[in-house]
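Q: This structure is in structure tokens; I'll ask about it shortly.
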Amino acid sequence: MRGRAPLRSPPLLPRSLPRFLPRFLLRFLLRFLLPLLPLGSARAAATETAPYLPAPQNVEIYSYNFQSLLRWSPVTVENGSVLYTAQYRTGSYQHWSGMGCAQTPLTHCGLPPELGRRWTVQSRVRAELGRLSSAWVQSPAFVPERDTTLGPPRVNSVSASPDSLLISASPPVPPEHGDSLQFLVSYWENSTPAAKHELRVPHTLFQIGNLKESTVYCFSIQVELKIFSGHLLGEHRAPECHTTALSEATRAGYIIALFLGAFLALNLVVAALLFVWKHHQKIKYWAQPPLHIPSHFEEFLRDPGLEELPSPAEEEPLALVLGEGNVQEEEEEEEEQDPAPSASRDRGAPQGPPQ
């Protein structure tokens, strides 16, 4: 009994195929064209079906007095409310950590306050809408002591003396160990603002000296923080103006001058009153206005053809006579109208002896 030959699987490719195709063409088909065709079609299909969520823009870190804030522009979509997630990492630690702003609707997020001033910090943020997420957008590298903005110092009090101003100020941030803080003071006389003087002081209580008394002076203060990598200048404080005080000698001179002026004025008043009392007749004569006769009276007096004007004493009897004549005429008219009463009056009157 003869043994059976073992079964063999049919060859995938005919043995004669390599004889007809060069080897490099076969390698090209197997390694490049066949894998790329299904992968490209899959990517095209995914691009057509998957929705797109834009990433935030203008991502930056803003820092004022070492209080740092990551902020960005909002993403606008037609439907839904976009949320944001922010993360940060330092230059020495490459792992991204949360900033406490996961899926927040705000467009800003504060950096943790425990970050050192000399650390290099990177931040990133992305937009989220439901299951969709945009690409991460990183901010530029940020170093607080290099990129922060120092505000102006605070002036606590100003004491004015005759020749100086004593100023108490506070820095916008306390200096750390190894830092050097100075106040840059500019001061000038208010009447001559162009003539400015500069002063550098390392203390919070300092004095501006060699000033004129009773004069208005203005000053402005700026902070300079010297750090390991250089120095950081703060913002200028708005100018303040104060008037220096009077010295004791000047004040005493003013009091004496005022007393002498008052005494002199009192003497002048008394002398004027005595002069008026002594020469009041002459003053009264001088004070009377000159007698001036009106022009029509002058013409009347100068005309020689007119009779003399009667005196007031002569006018009174004439008035009486005229008055009696008028009474007599009135009685005669009454007698003419009613003769009977007049006759009775004549009869009743006593008759005198015949003449």
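The way I read the labels, and the way they are meant: chains A, B, ... in the order of the structure tokens, residue 1 as the first residue of every chain, and ligand 1 as the first ligand shown, with later ones counted on from there.
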For Val223 (chain A), find every residue with an atom within 7 Å (counting only C-alpha atoms), except residues of its own chain fewer than 2 positions away, and show them as JSON, numbers by chain.

A: {"A": [152, 153, 171, 182, 183, 184, 221, 225, 233, 234]}

Q: Give the alpha helix (DSSP H) residues of region 103-286 of chain A, as assigned by DSSP on the backbone, as a VMD selection string.

A: chain A and resid 144 to 147 248 to 278 280 to 286

Q: Would you mind writing down, as a PyMOL selection string, each residue of region 134-218 of chain A that DSSP on the backbone assigns to strand (DSSP E or B)?

A: chain A and resi 137-138+142+149-150+154-160+165-170+180-189+196-201+205-208+216-218

Q: Can you tell me, as a list in words, what residues are no more than 12 Å from Ala160 (chain A) when counting only C-alpha atoms, ignoring any on the same chain fewer than 6 positions away?

A: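 After dropping sequence-adjacent residues, the list is Leu166, Ile167, Ser168, Gln207, Ile208, Gly209, Leu211, Lys212, Glu213, Ser214, Thr215, Val216, Tyr217, Cys241, His242, Thr243, Thr244, Ala245, Leu246 and Ser247 of chain A.
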
Q: Restricting the calculation to only C-alpha atoms, which member of A:Gln67, A:Tyr285, A:Glu60, A:Ala249 is positioned closest to Pro162 (chain A)?

A: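 Distance minimum relative to Pro162 (chain A) lands on A:Ala249.
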
Q: Tell me, in Å to one decimal, how far CA of Gln57 (chain A) is from CA of Pro144 (chain A).

A: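 Separating CA of Gln57 (chain A) from CA of Pro144 (chain A) is a distance of 22.1 Å.
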
Q: Identify, on the basis of only C-alpha atoms, every residue whose closest approach to Ser170 (chain A) does not exceed 7 Å; exclude the query and any residue fewer than 2 positions from it along the same chain; express the result as a ChimeraX atom specification.

A: /A:153-155,172,204

Q: So that I have them on file, write out the residues from the current selection with N, CA and C atoms, as a short mmCIF file (atom, residue, chain, number, x, y, z; two decimals), in the first residue's frame.

A:
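Below is the file part.cif, written as the result:
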```
data_model
loop_
_atom_site.label_atom_id
_atom_site.label_comp_id
_atom_site.auth_asym_id
_atom_site.auth_seq_id
_atom_site.Cartn_x
_atom_site.Cartn_y
_atom_site.Cartn_z
N PRO A 153 4.09 103.53 43.77
CA PRO A 153 4.09 103.38 45.24
C PRO A 153 2.93 104.15 45.86
N ARG A 154 2.72 103.91 47.13
CA ARG A 154 1.65 104.58 47.88
C ARG A 154 2.28 105.57 48.85
N VAL A 155 1.78 106.80 48.85
CA VAL A 155 2.25 107.84 49.77
C VAL A 155 1.36 107.83 51.00
N PRO A 172 4.76 99.02 46.01
CA PRO A 172 3.56 98.28 45.57
C PRO A 172 3.61 96.81 45.96
N THR A 204 11.72 103.81 53.20
CA THR A 204 10.32 104.21 53.01
C THR A 204 10.00 105.56 53.64
#
```

Q: Could you check the closest approach to Asn156 (chain A) for each of A:Tyr64, A:Tyr88, A:Phe206, A:Phe142 and tell me which residue wins, using only C-alpha atoms?

A: A:Phe206

Q: Write out as a list in words which residues come within 10 Å of Val143 (chain A) when counting only C-alpha atoms, dropping same-chain ones fewer than 4 positions away.

A: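 Once the nearby chain positions are removed, what remains is Ile61, Ser63, Phe66, Thr90, Gly116, Arg117, Arg118, Trp119, Thr120, Val121, Gln122, Asp147 and Thr148 of chain A.
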
Q: Given only C-alpha atoms as the basis, pick out the residue of A:Ala127, A:Leu181, A:Val270, A:Ala252 nearest to Ile227 (chain A).

A: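 Once distances to Ile227 (chain A) are computed over only C-alpha atoms, the minimum belongs to A:Leu181.
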
Q: Quote the spacing between CA of Thr250 (chain A) and CA of Val158 (chain A) in Å to one decimal place.

A: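 If I compute the distance from CA of Thr250 (chain A) to CA of Val158 (chain A), I get 22.3 Å.
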